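What follows is one structure encoded as structure tokens, with my remarks underneath.
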Amino acid sequence: MLSLLGFPGTAGFIGKWYILLAATAAGQLPLAAILVLTSVISAGYYLPVIMAMYMQPEPFEQAHAGMRIGRWAGAAVAVSVAGLLLLGIRPNRLLDLAKTSGDGLGVAPGATAAAPPLQTSTGR
């Protein structure tokens, strides 16, 4: 959350800093001002979450003793974990599907894709 906020010392800060430098170097001062303004506005969203997570009193030991999740919620978690493990360990099928799906996107409907240039040999 601190990185999303752009807190100094985090990767988010470094990323925003480089974007700010590139925008000012390119003469895009309004874009740089928008970046700073939206970073200040985002603090209003991220800081209350951070405060709720870390600046609350420690809950007592039995606070969640009787809590259980329902059958459908458990099934949703199980399917999500299985999908995450499957796609994390063996993503090749999904990547191949994405590649074959994207291969035809650059061609206009009714047109054929341009053939790659022919390689000629000199015969030597």
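Scheme for the structure tokens: letters A, B, ... for chains in order shown; per-chain residue numbers from 1; ligand numbers from 1 in order shown.
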
Could you pull out the helix (DSSP H, G or I) residues of chain A from DSSP and send them as a JSON list (two decimals) with C-alpha atoms, in the first residue's frame?
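Everything below was put into states.json:
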```json
[["chain", "number", "residue", "atom", "x", "y", "z"],
["A", 2, "LEU", "CA", 2.86, 2.37, 0.75],
["A", 3, "SER", "CA", 4.37, 1.61, -2.65],
["A", 4, "LEU", "CA", 1.07, 2.41, -4.39],
["A", 5, "LEU", "CA", 1.00, 5.66, -2.44],
["A", 11, "ALA", "CA", 9.43, 0.92, -5.80],
["A", 12, "GLY", "CA", 6.27, 2.96, -6.35],
["A", 13, "PHE", "CA", 8.10, 6.13, -5.37],
["A", 14, "ILE", "CA", 10.97, 5.35, -7.74],
["A", 15, "GLY", "CA", 8.53, 4.62, -10.57],
["A", 16, "LYS", "CA", 6.62, 7.83, -10.01],
["A", 17, "TRP", "CA", 9.88, 9.75, -9.75],
["A", 18, "TYR", "CA", 11.09, 8.47, -13.15],
["A", 19, "ILE", "CA", 7.73, 9.25, -14.74],
["A", 20, "LEU", "CA", 7.88, 12.75, -13.26],
["A", 21, "LEU", "CA", 11.42, 13.26, -14.60],
["A", 22, "ALA", "CA", 10.45, 12.01, -18.07],
["A", 23, "ALA", "CA", 7.36, 14.22, -18.17],
["A", 24, "THR", "CA", 9.25, 17.34, -17.18],
["A", 25, "ALA", "CA", 12.13, 16.54, -19.58],
["A", 29, "LEU", "CA", 4.38, 20.12, -17.22],
["A", 30, "PRO", "CA", 0.58, 19.66, -17.03],
["A", 31, "LEU", "CA", 1.10, 15.88, -17.03],
["A", 32, "ALA", "CA", 3.66, 16.20, -14.22],
["A", 33, "ALA", "CA", 1.25, 18.38, -12.23],
["A", 34, "ILE", "CA", -1.53, 15.80, -12.72],
["A", 35, "LEU", "CA", 0.81, 13.06, -11.44],
["A", 36, "VAL", "CA", 1.60, 15.04, -8.28],
["A", 37, "LEU", "CA", -2.05, 15.96, -7.73],
["A", 38, "THR", "CA", -3.32, 12.40, -8.15],
["A", 39, "SER", "CA", -0.58, 11.13, -5.82],
["A", 40, "VAL", "CA", -1.81, 13.53, -3.14],
["A", 41, "ILE", "CA", -5.42, 12.48, -3.72],
["A", 42, "SER", "CA", -4.46, 8.79, -3.54],
["A", 43, "ALA", "CA", -3.07, 9.38, -0.05],
["A", 44, "GLY", "CA", -6.65, 10.00, 1.07],
["A", 45, "TYR", "CA", -7.58, 6.51, -0.11],
["A", 46, "TYR", "CA", -4.52, 4.50, 0.90],
["A", 47, "LEU", "CA", -3.65, 6.00, 4.30],
["A", 48, "PRO", "CA", -6.96, 5.09, 6.03],
["A", 49, "VAL", "CA", -6.52, 1.49, 4.89],
["A", 50, "ILE", "CA", -2.95, 1.41, 6.20],
["A", 51, "MET", "CA", -4.12, 2.94, 9.48],
["A", 52, "ALA", "CA", -6.92, 0.40, 9.81],
["A", 53, "MET", "CA", -4.48, -2.45, 9.19],
["A", 54, "TYR", "CA", -1.64, -1.44, 11.48],
["A", 71, "ARG", "CA", -19.73, -24.19, 1.78],
["A", 72, "TRP", "CA", -19.90, -22.04, -1.38],
["A", 73, "ALA", "CA", -17.18, -19.70, -0.16],
["A", 74, "GLY", "CA", -14.95, -22.68, 0.59],
["A", 75, "ALA", "CA", -15.58, -24.07, -2.89],
["A", 76, "ALA", "CA", -14.75, -20.69, -4.45],
["A", 77, "VAL", "CA", -11.49, -20.53, -2.49],
["A", 78, "ALA", "CA", -10.59, -24.10, -3.49],
["A", 79, "VAL", "CA", -11.25, -23.42, -7.20],
["A", 80, "SER", "CA", -9.24, -20.20, -7.02],
["A", 81, "VAL", "CA", -6.29, -21.92, -5.35],
["A", 82, "ALA", "CA", -6.38, -24.78, -7.87],
["A", 83, "GLY", "CA", -6.49, -22.35, -10.80],
["A", 84, "LEU", "CA", -3.69, -20.26, -9.35],
["A", 85, "LEU", "CA", -1.49, -23.31, -8.85],
["A", 86, "LEU", "CA", -2.30, -24.71, -12.29],
["A", 87, "LEU", "CA", -1.63, -21.45, -14.12],
["A", 88, "GLY", "CA", 1.37, -20.64, -11.94],
["A", 89, "ILE", "CA", 3.14, -23.95, -12.41],
["A", 92, "ASN", "CA", 1.95, -23.01, -21.30],
["A", 93, "ARG", "CA", -1.56, -23.97, -22.42],
["A", 94, "LEU", "CA", -2.96, -20.58, -21.51],
["A", 95, "LEU", "CA", -0.03, -18.76, -23.12],
["A", 96, "ASP", "CA", -0.42, -20.81, -26.32],
["A", 97, "LEU", "CA", -4.13, -20.02, -26.40],
["A", 98, "ALA", "CA", -3.40, -16.32, -25.95],
["A", 99, "LYS", "CA", -0.80, -16.40, -28.73],
["A", 100, "THR", "CA", -3.06, -18.15, -31.22],
["A", 101, "SER", "CA", -5.90, -15.79, -30.32],
["A", 102, "GLY", "CA", -3.72, -12.76, -30.80],
["A", 103, "ASP", "CA", -2.14, -13.88, -34.06]]
```
